[in-house]
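So this block is run.cif, mmCIF, C-alpha atoms:
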```
data_input
loop_
_atom_site.label_atom_id
_atom_site.label_comp_id
_atom_site.auth_asym_id
_atom_site.auth_seq_id
_atom_site.Cartn_x
_atom_site.Cartn_y
_atom_site.Cartn_z
CA MET A 1 0.93 11.94 -32.32
CA GLN A 2 4.29 13.44 -31.35
CA ALA A 3 3.17 13.87 -27.72
CA SER A 4 1.99 10.28 -27.47
CA ARG A 5 5.23 9.01 -28.98
CA ALA A 6 7.25 11.06 -26.47
CA ARG A 7 5.12 9.78 -23.59
CA LEU A 8 5.56 6.15 -24.73
CA PHE A 9 9.35 6.60 -25.07
CA LYS A 10 9.38 7.99 -21.53
CA GLU A 11 7.40 4.97 -20.28
CA TYR A 12 9.72 2.65 -22.23
CA LYS A 13 12.78 4.14 -20.52
CA GLU A 14 11.07 3.87 -17.14
CA VAL A 15 10.23 0.19 -17.76
CA GLN A 16 13.86 -0.50 -18.72
CA ARG A 17 15.14 1.28 -15.61
CA GLU A 18 12.74 -0.46 -13.21
CA LYS A 19 12.75 -4.00 -14.61
CA THR A 20 13.46 -5.53 -11.21
CA ALA A 21 11.19 -3.16 -9.24
CA ASP A 22 8.00 -5.04 -10.17
CA PRO A 23 8.74 -8.75 -10.65
CA ASP A 24 5.06 -9.53 -11.38
CA ILE A 25 5.01 -7.47 -14.58
CA GLN A 26 7.19 -7.69 -17.68
CA LEU A 27 6.25 -5.02 -20.24
CA VAL A 28 7.79 -5.24 -23.71
CA CYS A 29 7.50 -2.77 -26.56
CA ASP A 30 7.26 -4.06 -30.13
CA ASP A 31 10.59 -3.59 -31.93
CA THR A 32 9.04 -1.78 -34.87
CA ASN A 33 5.97 -0.04 -33.43
CA ILE A 34 5.94 2.03 -30.21
CA PHE A 35 2.11 1.79 -30.19
CA LYS A 36 2.14 -2.01 -29.75
CA TRP A 37 3.18 -3.58 -26.44
CA THR A 38 2.84 -6.93 -24.74
CA ALA A 39 3.02 -7.73 -21.07
CA LEU A 40 3.51 -10.88 -19.05
CA ILE A 41 1.83 -10.68 -15.68
CA LYS A 42 1.96 -13.20 -12.86
CA GLY A 43 -1.28 -14.45 -11.39
CA PRO A 44 -1.79 -12.96 -7.92
CA SER A 45 -1.00 -15.20 -4.94
CA GLU A 46 -3.85 -16.79 -3.02
CA THR A 47 -6.06 -16.74 -6.12
CA PRO A 48 -6.89 -19.50 -8.61
CA TYR A 49 -4.48 -17.73 -11.00
CA GLU A 50 -1.44 -18.16 -8.72
CA GLY A 51 1.48 -19.77 -10.54
CA GLY A 52 0.19 -18.72 -13.94
CA VAL A 53 1.79 -16.26 -16.33
CA PHE A 54 -0.68 -14.38 -18.50
CA GLN A 55 0.10 -12.50 -21.69
CA LEU A 56 -1.60 -9.19 -22.45
CA ALA A 57 -1.65 -7.29 -25.74
CA PHE A 58 -1.70 -3.48 -25.74
CA ALA A 59 -2.82 -1.41 -28.72
CA VAL A 60 -2.03 2.19 -27.82
CA PRO A 61 -4.01 4.88 -29.67
CA GLU A 62 -2.28 7.89 -31.24
CA GLN A 63 -4.21 10.08 -28.78
CA TYR A 64 -2.53 8.39 -25.78
CA PRO A 65 -2.40 9.37 -22.92
CA LEU A 66 -5.64 11.30 -23.47
CA GLN A 67 -7.30 8.03 -24.53
CA PRO A 68 -6.76 4.64 -22.86
CA PRO A 69 -4.91 1.77 -24.51
CA GLN A 70 -6.89 -1.21 -25.72
CA VAL A 71 -5.78 -4.17 -23.64
CA ARG A 72 -6.76 -7.80 -23.92
CA PHE A 73 -5.64 -11.14 -22.59
CA LEU A 74 -3.89 -13.32 -25.16
CA THR A 75 -3.77 -16.16 -22.60
CA LYS A 76 -7.11 -17.89 -22.00
CA ILE A 77 -8.48 -17.03 -18.57
CA PHE A 78 -11.70 -17.94 -16.74
CA HIS A 79 -12.67 -14.65 -15.09
CA PRO A 80 -15.99 -12.80 -14.96
CA ASN A 81 -14.53 -9.55 -16.30
CA VAL A 82 -12.65 -11.09 -19.24
CA HIS A 83 -14.34 -12.27 -22.44
CA PHE A 84 -13.36 -15.91 -22.80
CA LYS A 85 -12.96 -15.88 -26.60
CA THR A 86 -11.59 -12.39 -27.32
CA GLY A 87 -9.70 -11.63 -24.09
CA GLU A 88 -11.44 -8.24 -23.84
CA ILE A 89 -11.24 -6.81 -20.30
CA CYS A 90 -14.08 -5.01 -18.53
CA LEU A 91 -12.27 -2.50 -16.35
CA ASP A 92 -13.47 1.07 -15.73
CA ILE A 93 -10.02 2.64 -16.17
CA LEU A 94 -9.86 1.23 -19.70
CA LYS A 95 -13.17 2.90 -20.50
CA ASN A 96 -14.84 5.88 -18.78
CA ALA A 97 -12.56 6.23 -15.72
CA TRP A 98 -9.35 6.64 -17.73
CA SER A 99 -6.94 9.38 -16.70
CA PRO A 100 -3.68 10.43 -18.41
CA ALA A 101 -2.02 9.82 -15.03
CA TRP A 102 -2.26 6.06 -15.70
CA THR A 103 0.72 4.38 -17.38
CA LEU A 104 0.93 1.01 -19.12
CA GLN A 105 2.65 -0.33 -16.01
CA SER A 106 -0.12 0.92 -13.69
CA VAL A 107 -2.74 -0.56 -16.04
CA CYS A 108 -1.01 -3.94 -15.58
CA ARG A 109 -1.18 -3.49 -11.80
CA ALA A 110 -4.91 -2.67 -12.05
CA ILE A 111 -5.48 -5.83 -14.11
CA ILE A 112 -3.65 -7.93 -11.50
CA ALA A 113 -5.86 -6.34 -8.82
CA LEU A 114 -8.94 -7.19 -10.90
CA MET A 115 -7.75 -10.80 -11.13
CA ALA A 116 -7.63 -10.93 -7.33
CA HIS A 117 -10.95 -9.11 -6.87
CA PRO A 118 -13.39 -9.96 -9.69
CA GLU A 119 -16.53 -7.89 -10.23
CA PRO A 120 -19.24 -10.46 -11.01
CA ASP A 121 -21.93 -7.79 -11.46
CA SER A 122 -20.45 -6.59 -14.77
CA PRO A 123 -19.47 -9.87 -16.40
CA LEU A 124 -18.08 -10.40 -19.88
CA ASN A 125 -17.90 -14.11 -19.03
CA CYS A 126 -21.43 -14.90 -17.80
CA ASP A 127 -20.59 -18.47 -16.74
CA SER A 128 -17.88 -17.20 -14.43
CA GLY A 129 -20.00 -14.30 -13.19
CA ASN A 130 -22.99 -16.55 -12.50
CA LEU A 131 -20.89 -18.94 -10.41
CA LEU A 132 -19.71 -16.07 -8.22
CA ARG A 133 -23.12 -14.38 -8.01
CA SER A 134 -24.79 -17.63 -6.96
CA GLY A 135 -22.16 -18.12 -4.23
CA ASP A 136 -20.46 -21.10 -5.89
CA LEU A 137 -16.94 -19.95 -5.02
CA ARG A 138 -15.63 -23.50 -5.16
CA GLY A 139 -16.95 -24.00 -8.71
CA TYR A 140 -15.51 -20.69 -9.89
CA GLN A 141 -12.11 -21.35 -8.31
CA SER A 142 -11.83 -24.87 -9.71
CA MET A 143 -12.68 -23.69 -13.25
CA ALA A 144 -10.29 -20.73 -12.97
CA ARG A 145 -7.54 -23.00 -11.60
CA MET A 146 -8.10 -25.54 -14.37
CA TYR A 147 -7.79 -22.91 -17.13
CA THR A 148 -4.75 -21.41 -15.41
CA ARG A 149 -3.08 -24.84 -15.47
CA LEU A 150 -4.08 -25.47 -19.08
CA ALA A 151 -3.21 -22.08 -20.56
CA ALA A 152 -0.93 -20.10 -18.23
CA MET A 153 1.52 -22.62 -16.81
CA PRO A 154 4.53 -24.14 -18.55
CA LYS A 155 3.89 -27.61 -19.90
CA LYS A 156 5.79 -30.35 -18.08
CA GLY A 157 7.69 -32.98 -19.98
#
```

Would you write out, as structure tokens, the structure that this file holds?
Amino acid sequence: MQASRARLFKEYKEVQREKTADPDIQLVCDDTNIFKWTALIKGPSETPYEGGVFQLAFAVPEQYPLQPPQVRFLTKIFHPNVHFKTGEICLDILKNAWSPAWTLQSVCRAIIALMAHPEPDSPLNCDSGNLLRSGDLRGYQSMARMYTRLAAMPKKG
């Protein structure tokens, strides 16, 4: 546990030092628990998520970085690789392709890349995956845009 704590403190310092280096990601450590983090990520441009800000929750295991963090969306998102109710993310680096070289920051970048390039063949959201697999890009984009407006954009007025 000591090694994981040291690694997380190192990542925390790096995040503090590079706050302006990656304007699309804002990683925040819980004040009382180094193993709990949240992130705000911006929806990638030229996607239905553009303009949205999505919140992620990180639960970091005591075996980190040998084991991946558990990451889920707290913000509702219509995406084939995200479970609509739980926010669970289907991403190989969070499962069998994990490497200790990954950091919490790089995991956020990978999630942003997944948002821009969904994998409809391994869906957690079958409705979203089916739209993409059947070639209904317009239907997928309009649903994703609608949920981005409803859940990930500031309310006006």

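The shortest atom-to-atom distance to Asn81 of chain A, with only C-alpha atoms taken into account, belongs to A:Leu124 out of A:Ala116, A:Leu124, A:Ala39, A:Val60.
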
Practice prompt. Output the residue selection produced by the PyMOL selection byres ((chain A and resi 4) around 9) on the file above, formatted as a PyMOL selection string.
Written response: chain A and resi 1-3+5-9+35+61-66

Could you spell out the hits of the PyMOL selection byres ((chain A and resi 111) around 12) on the shown file, as a PDB file with C-alpha atoms, keeping the file's coordinate frame?
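The resulting file, part-v3.pdb, is shown below:
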```pdb
ATOM      1  CA  ASP A  24       5.060  -9.530 -11.380  1.00  0.00           C
ATOM      2  CA  ILE A  25       5.010  -7.470 -14.580  1.00  0.00           C
ATOM      3  CA  ALA A  39       3.020  -7.730 -21.070  1.00  0.00           C
ATOM      4  CA  LEU A  40       3.510 -10.880 -19.050  1.00  0.00           C
ATOM      5  CA  ILE A  41       1.830 -10.680 -15.680  1.00  0.00           C
ATOM      6  CA  LYS A  42       1.960 -13.200 -12.860  1.00  0.00           C
ATOM      7  CA  GLY A  43      -1.280 -14.450 -11.390  1.00  0.00           C
ATOM      8  CA  PRO A  44      -1.790 -12.960  -7.920  1.00  0.00           C
ATOM      9  CA  PHE A  54      -0.680 -14.380 -18.500  1.00  0.00           C
ATOM     10  CA  GLN A  55       0.100 -12.500 -21.690  1.00  0.00           C
ATOM     11  CA  LEU A  56      -1.600  -9.190 -22.450  1.00  0.00           C
ATOM     12  CA  VAL A  71      -5.780  -4.170 -23.640  1.00  0.00           C
ATOM     13  CA  ARG A  72      -6.760  -7.800 -23.920  1.00  0.00           C
ATOM     14  CA  PHE A  73      -5.640 -11.140 -22.590  1.00  0.00           C
ATOM     15  CA  HIS A  79     -12.670 -14.650 -15.090  1.00  0.00           C
ATOM     16  CA  ASN A  81     -14.530  -9.550 -16.300  1.00  0.00           C
ATOM     17  CA  VAL A  82     -12.650 -11.090 -19.240  1.00  0.00           C
ATOM     18  CA  GLU A  88     -11.440  -8.240 -23.840  1.00  0.00           C
ATOM     19  CA  ILE A  89     -11.240  -6.810 -20.300  1.00  0.00           C
ATOM     20  CA  CYS A  90     -14.080  -5.010 -18.530  1.00  0.00           C
ATOM     21  CA  LEU A  91     -12.270  -2.500 -16.350  1.00  0.00           C
ATOM     22  CA  ASP A  92     -13.470   1.070 -15.730  1.00  0.00           C
ATOM     23  CA  ILE A  93     -10.020   2.640 -16.170  1.00  0.00           C
ATOM     24  CA  LEU A  94      -9.860   1.230 -19.700  1.00  0.00           C
ATOM     25  CA  LEU A 104       0.930   1.010 -19.120  1.00  0.00           C
ATOM     26  CA  GLN A 105       2.650  -0.330 -16.010  1.00  0.00           C
ATOM     27  CA  SER A 106      -0.120   0.920 -13.690  1.00  0.00           C
ATOM     28  CA  VAL A 107      -2.740  -0.560 -16.040  1.00  0.00           C
ATOM     29  CA  CYS A 108      -1.010  -3.940 -15.580  1.00  0.00           C
ATOM     30  CA  ARG A 109      -1.180  -3.490 -11.800  1.00  0.00           C
ATOM     31  CA  ALA A 110      -4.910  -2.670 -12.050  1.00  0.00           C
ATOM     32  CA  ILE A 112      -3.650  -7.930 -11.500  1.00  0.00           C
ATOM     33  CA  ALA A 113      -5.860  -6.340  -8.820  1.00  0.00           C
ATOM     34  CA  LEU A 114      -8.940  -7.190 -10.900  1.00  0.00           C
ATOM     35  CA  MET A 115      -7.750 -10.800 -11.130  1.00  0.00           C
ATOM     36  CA  ALA A 116      -7.630 -10.930  -7.330  1.00  0.00           C
ATOM     37  CA  HIS A 117     -10.950  -9.110  -6.870  1.00  0.00           C
ATOM     38  CA  PRO A 118     -13.390  -9.960  -9.690  1.00  0.00           C
ATOM     39  CA  GLU A 119     -16.530  -7.890 -10.230  1.00  0.00           C
TER      40      GLU A 119
END
```

Fill in: Residue nearest Gly135 of chain A - candidates A:Glu11, A:Thr148, A:Pro120, A:Thr32, atoms counted: only C-alpha atoms
A:Pro120

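Residue nearest Ser99 of chain A within the list A:Thr20, A:Thr86, A:Ser122, A:Gln67: A:Gln67 [criterion: smallest interatomic distance, all atoms listed in the file].
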
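Between His83 of chain A and the residues A:Cys126, A:Lys36, A:Met146, A:Asn96, the shortest atom-to-atom distance, using only C-alpha atoms, involves A:Cys126.
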
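Take the candidates A:Thr75, A:Ala101, A:Phe58, A:Tyr49 and check each one against Arg145 of chain A using all atoms listed in the file; the shortest distance goes to A:Tyr49.
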
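With the shown file loaded, the PyMOL selection byres ((chain A and resi 128) around 9) picks out Phe78, His79, Pro80, Asn81, Pro120, Pro123, Leu124, Asn125, Cys126, Asp127, Gly129, Asn130, Leu131, Leu132, Arg133, Gly139, Tyr140, Met143 and Ala144 of chain A.
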
Could the centre and edge lengths of an axis-aligned box, enclosing all atoms of segment 146-151 of chain A in the file with 8 Å extra on each side, be given in Å to one decimal as JSON?
```
{"center_x": -5.6, "center_y": -23.5, "center_z": -17.5, "size_x": 21.0, "size_y": 20.1, "size_z": 22.2}
```

Item to complete: Name the closest residue to Thr47 of chain A among the candidates A:Asp136, A:Met153, A:Lys13, A:Gln141; distances are taken between atoms, counting all atoms listed in the file.
Response: A:Gln141

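Atom CA of Val53 of chain A lies 20.9 Å from atom CA of Pro69 of chain A.
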
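Atom pair atom CA of Gly52 of chain A / atom CA of Arg149 of chain A: separated by 7.1 Å.
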
Worksheet, complete the sentence: A straight line from atom CA of Thr38 of chain A to atom CA of Leu74 of chain A spans 9.3 Å

Can you sort out segment 55-66 of chain A so it carries all heavy atoms, written as a PDB file, in the frame of the given file?
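And here's selection.pdb as it stands now:
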```
ATOM      1  N   GLN A  55      -0.379 -13.471 -20.713  1.00  0.00           N
ATOM      2  CA  GLN A  55       0.100 -12.500 -21.690  1.00  0.00           C
ATOM      3  C   GLN A  55      -1.019 -11.539 -22.054  1.00  0.00           C
ATOM      4  O   GLN A  55      -2.149 -11.942 -22.310  1.00  0.00           O
ATOM      5  CB  GLN A  55       0.621 -13.203 -22.943  1.00  0.00           C
ATOM      6  CG  GLN A  55       1.287 -12.239 -23.900  1.00  0.00           C
ATOM      7  CD  GLN A  55       1.936 -12.937 -25.080  1.00  0.00           C
ATOM      8  OE1 GLN A  55       1.647 -14.084 -25.379  1.00  0.00           O
ATOM      9  NE2 GLN A  55       2.804 -12.229 -25.767  1.00  0.00           N
ATOM     10  N   LEU A  56      -0.678 -10.245 -22.064  1.00  0.00           N
ATOM     11  CA  LEU A  56      -1.600  -9.190 -22.450  1.00  0.00           C
ATOM     12  C   LEU A  56      -1.084  -8.523 -23.723  1.00  0.00           C
ATOM     13  O   LEU A  56       0.120  -8.414 -23.920  1.00  0.00           O
ATOM     14  CB  LEU A  56      -1.685  -8.116 -21.359  1.00  0.00           C
ATOM     15  CG  LEU A  56      -2.093  -8.534 -19.960  1.00  0.00           C
ATOM     16  CD1 LEU A  56      -1.906  -7.369 -18.989  1.00  0.00           C
ATOM     17  CD2 LEU A  56      -3.527  -9.020 -19.952  1.00  0.00           C
ATOM     18  N   ALA A  57      -2.011  -8.063 -24.554  1.00  0.00           N
ATOM     19  CA  ALA A  57      -1.650  -7.290 -25.740  1.00  0.00           C
ATOM     20  C   ALA A  57      -2.188  -5.866 -25.566  1.00  0.00           C
ATOM     21  O   ALA A  57      -3.345  -5.676 -25.184  1.00  0.00           O
ATOM     22  CB  ALA A  57      -2.258  -7.916 -26.994  1.00  0.00           C
ATOM     23  N   PHE A  58      -1.333  -4.886 -25.822  1.00  0.00           N
ATOM     24  CA  PHE A  58      -1.700  -3.480 -25.740  1.00  0.00           C
ATOM     25  C   PHE A  58      -1.694  -2.875 -27.134  1.00  0.00           C
ATOM     26  O   PHE A  58      -0.691  -2.997 -27.845  1.00  0.00           O
ATOM     27  CB  PHE A  58      -0.676  -2.691 -24.913  1.00  0.00           C
ATOM     28  CG  PHE A  58      -0.756  -2.904 -23.433  1.00  0.00           C
ATOM     29  CD1 PHE A  58      -0.241  -4.056 -22.858  1.00  0.00           C
ATOM     30  CD2 PHE A  58      -1.311  -1.943 -22.619  1.00  0.00           C
ATOM     31  CE1 PHE A  58      -0.293  -4.246 -21.490  1.00  0.00           C
ATOM     32  CE2 PHE A  58      -1.372  -2.125 -21.251  1.00  0.00           C
ATOM     33  CZ  PHE A  58      -0.864  -3.279 -20.679  1.00  0.00           C
ATOM     34  N   ALA A  59      -2.780  -2.224 -27.510  1.00  0.00           N
ATOM     35  CA  ALA A  59      -2.820  -1.410 -28.720  1.00  0.00           C
ATOM     36  C   ALA A  59      -3.028   0.022 -28.224  1.00  0.00           C
ATOM     37  O   ALA A  59      -4.082   0.362 -27.681  1.00  0.00           O
ATOM     38  CB  ALA A  59      -3.948  -1.843 -29.642  1.00  0.00           C
ATOM     39  N   VAL A  60      -1.999   0.843 -28.370  1.00  0.00           N
ATOM     40  CA  VAL A  60      -2.030   2.190 -27.820  1.00  0.00           C
ATOM     41  C   VAL A  60      -2.489   3.160 -28.918  1.00  0.00           C
ATOM     42  O   VAL A  60      -1.900   3.185 -30.000  1.00  0.00           O
ATOM     43  CB  VAL A  60      -0.634   2.599 -27.279  1.00  0.00           C
ATOM     44  CG1 VAL A  60      -0.678   3.979 -26.668  1.00  0.00           C
ATOM     45  CG2 VAL A  60      -0.132   1.560 -26.273  1.00  0.00           C
ATOM     46  N   PRO A  61      -3.531   3.949 -28.646  1.00  0.00           N
ATOM     47  CA  PRO A  61      -4.010   4.880 -29.670  1.00  0.00           C
ATOM     48  C   PRO A  61      -3.060   6.068 -29.842  1.00  0.00           C
ATOM     49  O   PRO A  61      -2.293   6.397 -28.934  1.00  0.00           O
ATOM     50  CB  PRO A  61      -5.361   5.348 -29.110  1.00  0.00           C
ATOM     51  CG  PRO A  61      -5.221   5.231 -27.634  1.00  0.00           C
ATOM     52  CD  PRO A  61      -4.319   4.039 -27.414  1.00  0.00           C
ATOM     53  N   GLU A  62      -3.138   6.726 -30.989  1.00  0.00           N
ATOM     54  CA  GLU A  62      -2.280   7.890 -31.240  1.00  0.00           C
ATOM     55  C   GLU A  62      -2.614   9.048 -30.307  1.00  0.00           C
ATOM     56  O   GLU A  62      -1.806   9.938 -30.123  1.00  0.00           O
ATOM     57  CB  GLU A  62      -2.371   8.310 -32.703  1.00  0.00           C
ATOM     58  CG  GLU A  62      -1.734   7.291 -33.630  1.00  0.00           C
ATOM     59  CD  GLU A  62      -1.779   7.694 -35.090  1.00  0.00           C
ATOM     60  OE1 GLU A  62      -2.297   8.791 -35.413  1.00  0.00           O
ATOM     61  OE2 GLU A  62      -1.284   6.910 -35.910  1.00  0.00           O
ATOM     62  N   GLN A  63      -3.803   9.019 -29.694  1.00  0.00           N
ATOM     63  CA  GLN A  63      -4.210  10.080 -28.780  1.00  0.00           C
ATOM     64  C   GLN A  63      -3.782   9.808 -27.333  1.00  0.00           C
ATOM     65  O   GLN A  63      -4.130  10.553 -26.430  1.00  0.00           O
ATOM     66  CB  GLN A  63      -5.738  10.267 -28.807  1.00  0.00           C
ATOM     67  CG  GLN A  63      -6.289  10.711 -30.137  1.00  0.00           C
ATOM     68  CD  GLN A  63      -6.381   9.574 -31.150  1.00  0.00           C
ATOM     69  OE1 GLN A  63      -6.326   8.403 -30.798  1.00  0.00           O
ATOM     70  NE2 GLN A  63      -6.505   9.928 -32.415  1.00  0.00           N
ATOM     71  N   TYR A  64      -3.035   8.720 -27.114  1.00  0.00           N
ATOM     72  CA  TYR A  64      -2.530   8.390 -25.780  1.00  0.00           C
ATOM     73  C   TYR A  64      -1.638   9.509 -25.288  1.00  0.00           C
ATOM     74  O   TYR A  64      -0.876  10.052 -26.092  1.00  0.00           O
ATOM     75  CB  TYR A  64      -1.749   7.066 -25.865  1.00  0.00           C
ATOM     76  CG  TYR A  64      -1.188   6.563 -24.563  1.00  0.00           C
ATOM     77  CD1 TYR A  64      -1.990   5.870 -23.678  1.00  0.00           C
ATOM     78  CD2 TYR A  64       0.138   6.788 -24.229  1.00  0.00           C
ATOM     79  CE1 TYR A  64      -1.474   5.405 -22.473  1.00  0.00           C
ATOM     80  CE2 TYR A  64       0.660   6.324 -23.031  1.00  0.00           C
ATOM     81  CZ  TYR A  64      -0.152   5.630 -22.164  1.00  0.00           C
ATOM     82  OH  TYR A  64       0.350   5.174 -20.976  1.00  0.00           O
ATOM     83  N   PRO A  65      -1.674   9.926 -24.057  1.00  0.00           N
ATOM     84  CA  PRO A  65      -2.400   9.370 -22.920  1.00  0.00           C
ATOM     85  C   PRO A  65      -3.795   9.957 -22.689  1.00  0.00           C
ATOM     86  O   PRO A  65      -4.399   9.705 -21.659  1.00  0.00           O
ATOM     87  CB  PRO A  65      -1.485   9.716 -21.746  1.00  0.00           C
ATOM     88  CG  PRO A  65      -0.906  11.045 -22.134  1.00  0.00           C
ATOM     89  CD  PRO A  65      -0.738  10.975 -23.638  1.00  0.00           C
ATOM     90  N   LEU A  66      -4.291  10.751 -23.643  1.00  0.00           N
ATOM     91  CA  LEU A  66      -5.640  11.300 -23.470  1.00  0.00           C
ATOM     92  C   LEU A  66      -6.707  10.227 -23.637  1.00  0.00           C
ATOM     93  O   LEU A  66      -7.805  10.353 -23.097  1.00  0.00           O
ATOM     94  CB  LEU A  66      -5.874  12.457 -24.447  1.00  0.00           C
ATOM     95  CG  LEU A  66      -4.907  13.638 -24.289  1.00  0.00           C
ATOM     96  CD1 LEU A  66      -5.158  14.699 -25.347  1.00  0.00           C
ATOM     97  CD2 LEU A  66      -5.005  14.223 -22.891  1.00  0.00           C
TER      98      LEU A  66
END
```
